[in-house]
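Asks: Quick one, my_file.txt (compact mmCIF, C-alpha atoms):
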# COMPACT_ATOMS: atom_id res chain seq x y z
CA MET A 1 339.17 82.82 97.57
CA THR A 2 338.37 81.77 93.98
CA ASP A 3 340.01 78.91 92.11
CA LYS A 4 341.76 81.33 89.75
CA ASN A 5 343.23 83.28 92.60
CA LEU A 6 344.49 80.12 94.29
CA ASN A 7 346.23 78.98 91.09
CA GLU A 8 348.15 82.22 91.05
CA LEU A 9 349.52 81.74 94.53
CA THR A 10 353.02 80.45 95.23
CA ASP A 11 353.56 77.11 96.96
CA GLU A 12 354.27 78.83 100.27
CA GLU A 13 351.11 80.92 100.01
CA LEU A 14 349.06 77.86 99.16
CA ILE A 15 350.29 75.84 102.14
CA LEU A 16 349.68 78.87 104.36
CA GLU A 17 346.11 79.05 103.04
CA PHE A 18 345.70 75.35 103.73
CA GLN A 19 347.14 75.74 107.23
CA ARG A 20 345.01 78.72 108.19
CA ASN A 21 341.69 77.98 106.51
CA SER A 22 341.99 74.27 105.70
CA THR A 23 341.22 75.11 102.08
CA ILE A 24 341.21 71.73 100.35
CA ARG A 25 341.53 73.36 96.95
CA ALA A 26 344.87 74.86 97.96
CA TYR A 27 346.05 71.39 98.94
CA GLU A 28 344.82 69.93 95.64
CA ILE A 29 346.74 72.55 93.67
CA LEU A 30 349.90 71.65 95.59
CA VAL A 31 349.31 67.98 94.80
CA GLN A 32 348.88 68.84 91.14
CA ARG A 33 352.10 70.81 91.10
CA TYR A 34 354.26 68.25 92.87
CA LYS A 35 352.90 64.84 91.96
CA ASN A 36 354.93 64.46 88.73
CA PRO A 37 358.28 65.83 89.95
CA LEU A 38 358.04 63.63 93.03
CA ILE A 39 357.05 60.55 91.04
CA ASN A 40 360.00 61.15 88.76
CA TYR A 41 362.40 61.62 91.67
CA VAL A 42 361.26 58.57 93.62
CA PHE A 43 361.07 56.38 90.52
CA ARG A 44 364.63 57.24 89.50
CA PHE A 45 365.75 56.45 93.03
CA LEU A 46 363.92 53.14 93.49
CA GLY A 47 363.22 51.96 89.95
CA ASP A 48 359.78 50.58 90.79
CA TYR A 49 356.78 52.51 89.50
CA GLU A 50 354.08 51.06 91.74
CA THR A 51 356.13 51.54 94.87
CA CYS A 52 357.02 55.05 93.84
CA VAL A 53 353.32 55.93 93.36
CA ASP A 54 352.59 54.60 96.84
CA ILE A 55 355.45 56.60 98.31
CA VAL A 56 354.33 59.83 96.66
CA GLN A 57 350.78 59.25 97.86
CA GLU A 58 352.15 58.68 101.35
CA THR A 59 354.09 61.92 101.01
CA MET A 60 350.94 63.80 100.05
CA ILE A 61 349.04 62.29 102.96
CA LYS A 62 351.80 63.40 105.32
CA VAL A 63 351.57 66.92 103.93
CA TYR A 64 347.81 66.84 104.57
CA ARG A 65 348.14 65.44 108.07
CA TYR A 66 351.11 67.42 109.30
CA LYS A 67 350.49 70.64 107.47
CA ASP A 68 350.99 72.60 110.68
CA SER A 69 354.53 71.30 111.09
CA TYR A 70 355.59 73.20 107.97
CA SER A 71 357.26 76.44 108.84
CA SER A 72 357.40 79.23 106.30
CA ILE A 73 361.14 79.66 106.93
CA ALA A 74 361.88 76.83 104.50
CA LYS A 75 360.76 76.53 100.91
CA PHE A 76 357.76 74.29 100.42
CA SER A 77 359.57 72.36 97.68
CA THR A 78 362.46 71.43 99.98
CA TRP A 79 360.00 70.35 102.71
CA ILE A 80 358.01 68.07 100.40
CA TYR A 81 361.17 66.67 98.76
CA THR A 82 362.57 65.92 102.22
CA ILE A 83 359.46 63.96 103.15
CA ALA A 84 359.49 62.02 99.88
CA GLY A 85 363.25 61.42 100.15
CA ASN A 86 362.95 60.05 103.68
CA LEU A 87 360.14 57.71 102.67
CA ALA A 88 362.07 56.57 99.60
CA ARG A 89 365.20 55.89 101.65
CA THR A 90 363.20 53.89 104.18
CA GLU A 91 361.64 51.84 101.41
CA TYR A 92 365.05 51.29 99.82
CA GLN A 93 366.46 49.95 103.12
CA ARG A 94 363.43 47.73 103.60
CA ARG A 95 363.74 46.25 100.15
CA LYS A 96 367.46 45.76 100.52
CA ARG A 97 366.95 43.82 103.77
CA ARG A 98 364.22 41.73 102.18
CA LYS A 99 366.40 40.98 99.16
CA ILE A 100 369.29 39.79 101.32
CA PHE A 101 366.97 37.68 103.42
CA SER A 102 365.29 36.05 100.42
CA ILE A 103 368.60 35.19 98.78
CA ASN A 104 369.89 33.61 101.99
CA ALA A 105 366.69 31.68 102.50
CA TYR A 106 366.74 30.39 98.95
CA GLY A 107 370.28 29.11 99.22
CA GLU A 108 369.82 27.53 102.63
CA GLU A 109 366.55 25.76 102.11
CA LYS A 110 366.98 24.25 98.71
CA ASP A 111 370.75 23.79 98.85
CA GLU A 112 371.00 25.02 95.29
CA THR A 113 373.15 27.58 93.57
CA TYR A 114 371.39 30.76 92.53
CA GLU A 115 372.16 33.37 90.00
CA ILE A 116 371.73 37.10 90.27
CA PRO A 117 370.79 38.33 86.81
CA ASP A 118 373.61 40.11 85.01
CA GLU A 119 372.30 43.41 83.78
CA SER A 120 375.53 44.60 82.26
CA PHE A 121 375.78 46.28 78.94
CA ASN A 122 374.50 44.42 75.93
CA PRO A 123 374.94 46.29 72.54
CA GLU A 124 371.96 44.64 70.93
CA ARG A 125 369.60 46.09 73.46
CA ILE A 126 370.57 49.69 72.85
CA ALA A 127 368.64 49.91 69.58
CA ASP A 128 365.44 50.89 71.23
CA SER A 129 365.35 54.19 73.13
CA GLY A 130 363.17 52.55 75.72
CA ILE A 131 365.85 50.03 76.34
CA LYS A 132 368.39 52.83 76.51
CA GLU A 133 366.36 54.40 79.24
CA LYS A 134 366.20 51.09 81.01
CA ILE A 135 369.96 50.82 80.93
CA ILE A 136 370.39 54.31 82.31
CA GLN A 137 367.89 53.52 85.05
CA ASP A 138 369.70 50.29 85.88
CA ALA A 139 372.99 52.15 85.97
CA LEU A 140 371.45 54.75 88.28
CA GLU A 141 370.32 52.00 90.60
CA LYS A 142 373.84 50.64 90.74
CA VAL A 143 375.27 53.95 91.90
CA SER A 144 375.60 54.01 95.66
CA LYS A 145 372.55 55.38 97.44
CA ALA A 146 374.17 58.51 98.89
CA TYR A 147 375.46 59.62 95.46
CA ARG A 148 372.37 58.53 93.52
CA GLU A 149 370.01 60.71 95.51
CA VAL A 150 371.98 63.91 94.95
CA VAL A 151 372.64 63.15 91.27
CA ILE A 152 368.91 62.70 90.66
CA LEU A 153 368.04 65.89 92.51
CA ARG A 154 370.66 67.87 90.63
CA ASP A 155 370.71 66.45 87.07
CA ILE A 156 367.15 65.14 86.72
CA GLN A 157 365.12 67.39 89.02
CA ASP A 158 367.23 70.48 88.31
CA LEU A 159 367.39 71.63 91.90
CA SER A 160 370.08 74.03 93.11
CA TYR A 161 372.94 72.89 95.33
CA GLU A 162 371.45 74.89 98.21
CA GLU A 163 368.09 73.19 97.86
CA ILE A 164 369.74 69.76 97.72
CA SER A 165 371.77 70.70 100.77
CA GLU A 166 368.56 71.51 102.66
CA ILE A 167 366.74 68.37 101.50
CA THR A 168 369.58 66.01 102.35
CA ASN A 169 370.68 67.98 105.40
CA LEU A 170 374.27 68.02 104.15
CA PRO A 171 376.72 70.87 103.66
CA VAL A 172 376.81 72.31 100.13
CA GLY A 173 380.43 71.17 99.69
CA THR A 174 379.53 67.59 100.53
CA VAL A 175 376.59 67.76 98.12
CA LYS A 176 378.84 68.92 95.28
CA SER A 177 381.48 66.27 95.89
CA ARG A 178 378.84 63.55 96.16
CA ILE A 179 377.26 64.68 92.90
CA ASN A 180 380.60 64.46 91.13
CA ARG A 181 381.37 61.02 92.60
CA GLY A 182 377.94 59.82 91.52
CA ARG A 183 378.47 61.17 88.05
CA ALA A 184 381.86 59.47 87.87
CA GLN A 185 380.27 56.14 88.82
CA LEU A 186 377.58 56.64 86.21
CA GLN A 187 380.17 57.53 83.60
CA LYS A 188 381.91 54.24 84.20
CA LEU A 189 378.66 52.31 83.98
CA LEU A 190 377.40 54.08 80.88
CA LYS A 191 380.59 54.73 78.94
CA ASP A 192 379.43 52.59 76.01
CA ILE A 193 376.17 54.49 75.67
CA TYR A 194 377.26 58.08 75.72
CA LYS A 195 380.24 57.49 73.47
CA GLU A 196 377.89 56.56 70.66
CA MET B 1 387.29 73.37 90.41
CA ILE B 2 383.81 71.96 90.78
CA ASP B 3 382.70 73.87 87.67
CA GLU B 4 385.53 72.22 85.77
CA LYS B 5 384.30 68.91 87.02
CA ASP B 6 380.78 69.87 85.87
CA GLN B 7 382.16 70.25 82.36
CA GLN B 8 383.94 66.96 82.71
CA TYR B 9 380.60 65.23 83.23
CA ASP B 10 378.65 67.16 80.61
CA ASP B 11 377.86 64.04 78.65
CA ILE B 12 376.46 62.17 81.58
CA VAL B 13 374.47 65.21 82.69
CA LYS B 14 373.04 65.52 79.19
CA LEU B 15 372.12 61.85 79.19
CA LEU B 16 370.31 62.19 82.48
CA LYS B 17 368.43 65.29 81.38
CA GLU B 18 367.22 63.49 78.27
CA LEU B 19 365.49 60.87 80.36
CA GLN B 20 361.73 60.85 80.00
CA GLN B 21 359.76 62.42 82.79
CA VAL B 22 357.87 59.75 84.66
CA LYS B 23 354.32 60.87 85.30
CA ALA B 24 351.76 60.06 87.95
CA PRO B 25 348.85 57.82 86.96
CA ASN B 26 345.58 59.52 85.97
CA ASN B 27 343.76 58.34 89.06
CA PHE B 28 346.50 59.56 91.39
CA GLU B 29 344.54 62.43 92.92
CA ALA B 30 341.28 60.49 93.12
CA ASN B 31 343.04 57.67 94.93
CA LEU B 32 344.76 60.10 97.22
CA MET B 33 341.55 61.88 98.22
CA ARG B 34 339.82 58.54 98.68
CA LYS B 35 342.59 57.44 101.05
CA ILE B 36 342.39 60.72 102.96
CA ASN B 37 338.62 60.49 103.32
CA ALA B 38 338.67 56.80 104.18
CA GLU B 39 341.25 57.17 106.91
CA GLY B 40 339.46 60.23 108.28
CA PHE B 41 342.42 62.52 108.61
CA THR B 42 340.66 65.38 110.26
CA GLU B 43 342.22 68.19 112.24
CA GLU B 44 344.62 66.86 114.85
CA LYS B 45 343.08 67.33 118.25
CA THR B 46 345.26 69.42 120.49
CA GLY B 47 343.82 68.78 123.92
CA SER B 48 345.70 69.55 127.10
CA TRP B 49 348.15 66.95 128.38
CA LEU B 50 346.03 66.49 131.47
CA SER B 51 343.04 65.45 129.43
CA ARG B 52 345.27 63.16 127.38
CA ILE B 53 346.42 61.40 130.54
CA PHE B 54 343.12 61.01 132.33
CA VAL B 55 340.50 61.00 129.61
CA PRO B 56 341.62 58.32 127.11
CA LYS B 57 338.91 55.73 126.87
CA ARG B 58 341.37 52.92 126.45
CA PHE B 59 342.46 53.29 130.09
CA ILE B 60 338.96 52.98 131.55
CA PRO B 61 338.75 49.15 131.57
CA SER B 62 342.24 48.74 132.98
CA ALA B 63 341.57 51.36 135.67
CA ALA B 64 338.34 49.62 136.65
CA LEU B 65 340.18 46.30 136.86
CA ALA B 66 342.85 47.84 139.08
CA VAL B 67 340.21 49.26 141.44
CA VAL B 68 338.46 45.89 141.69
CA ALA B 69 341.79 44.16 142.41
CA VAL B 70 342.52 46.62 145.22
CA LEU B 71 339.07 46.03 146.71
CA ILE B 72 339.55 42.28 146.65
CA LEU B 73 342.99 42.46 148.23
CA PHE B 74 342.40 44.97 151.00
CA VAL B 75 338.71 44.98 151.81
CA ILE B 76 337.32 41.51 151.27
CA LYS B 77 340.47 39.59 152.38
CA PRO B 78 339.85 36.39 150.39
CA GLY B 79 342.29 34.36 152.59
CA SER B 80 340.32 34.64 155.82
CA THR B 81 337.72 31.88 156.30
CA GLU B 82 336.79 32.51 159.97
CA ILE B 83 333.71 34.60 160.41
CA GLU B 84 333.30 36.13 163.87
CA ASN B 85 329.83 35.92 165.32
CA PRO B 86 329.28 39.20 167.18
CA PHE B 87 326.72 37.62 169.54
CA ASN B 88 329.11 34.92 170.79
CA THR B 89 332.15 37.08 171.39
CA GLN B 90 332.95 38.86 174.61
CA PRO B 91 333.03 42.64 174.41
CA ARG B 92 336.50 44.04 174.36
CA MET B 93 337.96 45.53 177.52
CA ARG B 94 338.68 49.17 177.09
CA LYS B 95 341.93 49.86 178.86
CA ASP B 96 341.56 53.62 178.75
CA ILE B 97 338.25 53.53 180.61
CA ILE B 98 339.63 51.10 183.25
CA THR B 99 342.60 53.28 183.92
CA THR B 100 340.48 56.38 184.32
CA SER B 101 338.11 54.53 186.64
CA THR B 102 341.03 53.36 188.80
CA GLN B 103 342.36 56.86 188.77
CA LEU B 104 339.01 58.22 189.88
CA SER B 105 338.67 55.63 192.64
CA ALA B 106 342.16 56.47 193.88
CA GLU B 107 341.29 60.15 193.90
CA LYS B 108 338.09 59.44 195.77
CA LYS B 109 339.99 57.43 198.37
CA VAL B 110 342.45 60.24 198.86
CA ASP B 111 339.59 62.74 199.17
CA LYS B 112 337.87 60.59 201.77
CA GLU B 113 341.07 60.28 203.76
CA LEU B 114 341.52 64.00 203.52
CA GLN B 115 338.02 64.58 204.84
CA LYS B 116 338.68 62.20 207.69
CA MET B 117 341.95 63.91 208.51
CA ILE B 118 340.33 67.34 208.44
CA GLU B 119 337.59 66.16 210.76
CA LYS B 120 340.15 64.61 213.10
CA ASN B 121 342.15 67.79 212.98
CA LYS B 122 339.09 69.81 213.89
CA THR B 123 338.26 67.57 216.79
CA LYS B 124 341.88 67.77 218.02
CA LYS B 125 341.78 71.57 217.72
CA SER B 126 338.63 71.73 219.72
CA GLU B 127 340.21 69.44 222.36
CA ILE B 128 343.28 71.63 222.48
CA ALA B 129 341.12 74.70 222.82
CA LYS B 130 339.31 73.06 225.71
CA ASN B 131 342.58 72.10 227.37
CA GLU B 132 343.87 75.64 226.94
CA SER B 133 340.83 77.11 228.55
CA GLN B 134 341.20 74.69 231.43
CA ASN B 135 344.92 75.38 231.81
CA LYS B 136 344.44 79.13 231.70
CA SER B 137 343.14 79.12 235.15
CA ASP B 138 345.94 76.80 236.41
CA PHE B 139 348.99 78.51 234.95
CA SER B 140 350.21 81.94 235.82
CA SER B 141 350.39 84.65 233.18
CA LYS B 142 354.23 84.51 233.17
CA GLU B 143 354.34 80.87 232.60
CA PHE B 144 351.77 81.21 229.90
CA GLN B 145 353.90 83.81 228.10
CA THR B 146 357.10 81.74 228.23
CA ASP B 147 355.98 78.13 227.79
CA LYS B 148 352.87 78.22 225.62
CA PRO B 149 352.25 74.48 226.08
CA GLY B 150 349.20 74.41 223.82
CA SER B 151 350.89 76.11 220.96
CA SER B 152 354.04 74.04 221.42
CA TYR B 153 351.91 70.91 221.33
CA ALA B 154 350.20 72.00 218.21
CA SER B 155 353.42 72.98 216.51
CA GLN B 156 355.02 69.75 217.62
CA GLY B 157 352.14 67.78 216.23
CA TYR B 158 352.32 69.47 212.86
CA GLU B 159 356.07 69.11 212.78
CA ASP B 160 355.52 65.41 213.22
CA VAL B 161 353.17 65.43 210.28
CA SER B 162 355.74 67.05 208.11
CA THR B 163 358.52 64.71 209.20
CA GLN B 164 356.76 61.42 209.82
CA GLY B 165 354.01 61.62 207.29
CA PHE B 166 350.28 61.05 207.68
CA SER B 167 350.53 57.36 208.28
CA GLY B 168 352.76 57.91 211.27
CA ILE B 169 350.42 60.41 212.95
CA TYR B 170 347.00 59.28 211.93
CA GLY B 171 347.78 55.61 211.99
CA ILE B 172 347.22 54.89 208.31
CA GLU B 173 349.31 51.90 207.42
CA LYS B 174 349.46 49.69 204.36
CA SER B 175 348.67 46.58 206.34
CA GLY B 176 345.41 48.07 207.56
CA LEU B 177 344.22 48.95 204.09
CA ASN B 178 342.82 46.78 201.41
CA PHE B 179 346.03 47.55 199.62
CA ARG B 180 346.68 46.56 196.11
CA GLN B 181 349.96 47.54 194.50
CA VAL B 182 349.35 49.27 191.25
CA ASN B 183 352.03 50.23 188.84
CA LEU B 184 351.21 53.81 188.27
CA SER B 185 351.87 55.57 185.08
CA LYS B 186 353.78 58.83 184.92
CA THR B 187 350.62 60.92 184.66
CA GLU B 188 349.04 59.05 187.54
CA ARG B 189 352.08 59.67 189.70
CA MET B 190 352.04 63.33 188.79
CA GLU B 191 348.37 63.52 189.69
CA ILE B 192 348.97 61.89 193.08
CA ASN B 193 351.91 64.18 193.77
CA ARG B 194 349.71 67.14 192.91
CA LEU B 195 347.07 65.92 195.33
CA LYS B 196 349.71 65.43 198.02
CA GLU B 197 350.94 68.96 197.51
CA ASN B 198 347.39 70.27 197.73
CA LEU B 199 346.95 68.37 200.94
CA MET B 200 350.16 69.76 202.39
CA ARG B 201 349.19 73.28 201.43
CA PHE B 202 345.77 72.80 202.94
CA MET B 203 347.28 71.58 206.18
CA LYS B 204 349.75 74.43 206.38
CA GLU B 205 346.96 76.92 205.82
CA ASN B 206 344.97 75.32 208.61
CA LYS B 207 348.02 75.51 210.80
CA LEU B 208 348.35 79.29 210.20
CA LYS B 209 344.70 79.81 210.96
Using the file provided, produce a representation of the structure as structure tokens.

Replies:
Amino acid sequence: MTDKNLNELTDEELILEFQRNSTIRAYEILVQRYKNPLINYVFRFLGDYETCVDIVQETMIKVYRYKDSYSSIAKFSTWIYTIAGNLARTEYQRRKRRKIFSINAYGEEKDETYEIPDESFNPERIADSGIKEKIIQDALEKVSKAYREVVILRDIQDLSYEEISEITNLPVGTVKSRINRGRAQLQKLLKDIYKE
Amino acid sequence: MIDEKDQQYDDIVKLLKELQQVKAPNNFEANLMRKINAEGFTEEKTGSWLSRIFVPKRFIPSAALAVVAVLILFVIKPGSTEIENPFNTQPRMRKDIITTSTQLSAEKKVDKELQKMIEKNKTKKSEIAKNESQNKSDFSSKEFQTDKPGSSYASQGYEDVSTQGFSGIYGIEKSGLNFRQVNLSKTERMEINRLKENLMRFMKENKLK
């Protein structure tokens, strides 16, 4: 199969080609198609670019290794988002544990008070659009994990409720309510920005 | 209701959609392929579960160690320090052979006694026959028909055998023998009983003849 033909194939056809004939080019096209959406999704969830690149690479490696575990019943996009989401969640938990541990250790060993930086709204910082983005990202990170994930998938990645339901393994109703709760939390955190 | 809520959060949705798309670094794919090639992710081998259990190379050293341990424990017996010199030890007595030899000797004894008894019986018969021939001339034919002293003697003699046993008639007694009391086993007893029965049958047959 030529390169042009492969580019015309859908995601499902490409993974099928990779499964059956181990066509590396088919895999590379899938990587090309999904690397940016996944980077965006994981970055918005974790807020750390380097970690998010590692996670997306890990996701791609898992696709390569376990290509045969993909069944054509599901959409390829939901399968790859599920893998990335699981890895991102695991990383989030790991970092959270580490953060708690390091704070405790700091306080115990040195017997000193410590300050967690206050990242609340500061009007002077809004001037730059980059800073505005930073504030939105910080606000996103403050939204509880369960709501943040679905908000990102819906409002940033533009996925349908059904797709989100499949990725998160939650009923559609739960997905919708979580999205709205997440949005409400964001609204509170960003009220000063979007009122401008 | 949810659609209404969607409208309620239009501003926040708009804000989120305006966020810049974060992109992968330029070397993303190169790094990825390098990782894949370096870690050698080839096709997953799907061997049978049997081969997975018995073939894995990692089990070979541990299996060899286990075999050696078993050999040391059960074959070499590291605790025992005494070494038996085969030239200084007495050969073991084989009980089975002894018992069969005693059995055979007992059988032989019985056979010899039988032979003796048969010979004695023959000599007695011949004596009786002689006596009969002598008495024939002495007794009348009537008397001979009614009394039959020879036959009555013979029958009496054999009756004695059946009632008194051989020892009583032929004078075989324990005191006269080089007797040694042996605790016989069940099979030995059965064998002796069988021989006794054979003897009895033999004697009865002789009596009829």

Asks: Which chain A residues are at most 6 Å from chain B (counting only C-alpha atoms), as number ranges by chain?

Replies: A: 36, 40, 155-156

Asks: Using only C-alpha atoms, can you tell me which of A:Glu163, A:Gly173, A:Val42, A:Asn7 comes closest to A:Tyr27?

Replies: A:Asn7

Asks: Just how far from atom CA of A:Val63 is atom CA of A:Tyr34, in Å to one decimal?

Replies: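 Separation between atom CA of A:Tyr34 and atom CA of A:Val63: 11.5 Å.
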
Asks: With only C-alpha atoms as the counted atoms, please give the residues lying no more than 9 Å from A:Ser72, apart from itself and same-chain residues fewer than 6 positions off, as a ChimeraX atom specification.

Replies: /A:12,15-16

Asks: From the options A:Glu8, A:Asp68, A:Asp48, A:Glu91, which residue's atoms come nearest to A:Arg20, counting all atoms listed in the file?

Replies: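 Looking at the shortest contact to A:Arg20, the residue is A:Asp68.
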
Asks: Taking (372.1, 57.8, 90.8) in the file's coordinates, which residues come within 10 Å, counting only C-alpha atoms, written as a PyMOL selection string?

Replies: (chain A and resi 44-46+136-153+155-156+179+181-183+185-186) or (chain B and resi 16)

Asks: Take the residues from that selection and put them in a file with C-alpha atoms, as a short mmCIF file (atom, residue, chain, number, x, y, z; two decimals), in the frame of the given file.

Replies:
data_model
loop_
_atom_site.label_atom_id
_atom_site.label_comp_id
_atom_site.auth_asym_id
_atom_site.auth_seq_id
_atom_site.Cartn_x
_atom_site.Cartn_y
_atom_site.Cartn_z
CA ARG A 44 364.63 57.24 89.50
CA PHE A 45 365.75 56.45 93.03
CA LEU A 46 363.92 53.14 93.49
CA ILE A 136 370.39 54.31 82.31
CA GLN A 137 367.89 53.52 85.05
CA ASP A 138 369.70 50.29 85.88
CA ALA A 139 372.99 52.15 85.97
CA LEU A 140 371.45 54.75 88.28
CA GLU A 141 370.32 52.00 90.60
CA LYS A 142 373.84 50.64 90.74
CA VAL A 143 375.27 53.95 91.90
CA SER A 144 375.60 54.01 95.66
CA LYS A 145 372.55 55.38 97.44
CA ALA A 146 374.17 58.51 98.89
CA TYR A 147 375.46 59.62 95.46
CA ARG A 148 372.37 58.53 93.52
CA GLU A 149 370.01 60.71 95.51
CA VAL A 150 371.98 63.91 94.95
CA VAL A 151 372.64 63.15 91.27
CA ILE A 152 368.91 62.70 90.66
CA LEU A 153 368.04 65.89 92.51
CA ASP A 155 370.71 66.45 87.07
CA ILE A 156 367.15 65.14 86.72
CA ILE A 179 377.26 64.68 92.90
CA ARG A 181 381.37 61.02 92.60
CA GLY A 182 377.94 59.82 91.52
CA ARG A 183 378.47 61.17 88.05
CA GLN A 185 380.27 56.14 88.82
CA LEU A 186 377.58 56.64 86.21
CA LEU B 16 370.31 62.19 82.48
#

Asks: Counting only C-alpha atoms, which residue out of B:Met200, B:Met117, B:Ala106, B:Ala30 sits closest to B:Val182?

Replies: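 Using only C-alpha atoms, the shortest distance to B:Val182 belongs to B:Ala106.
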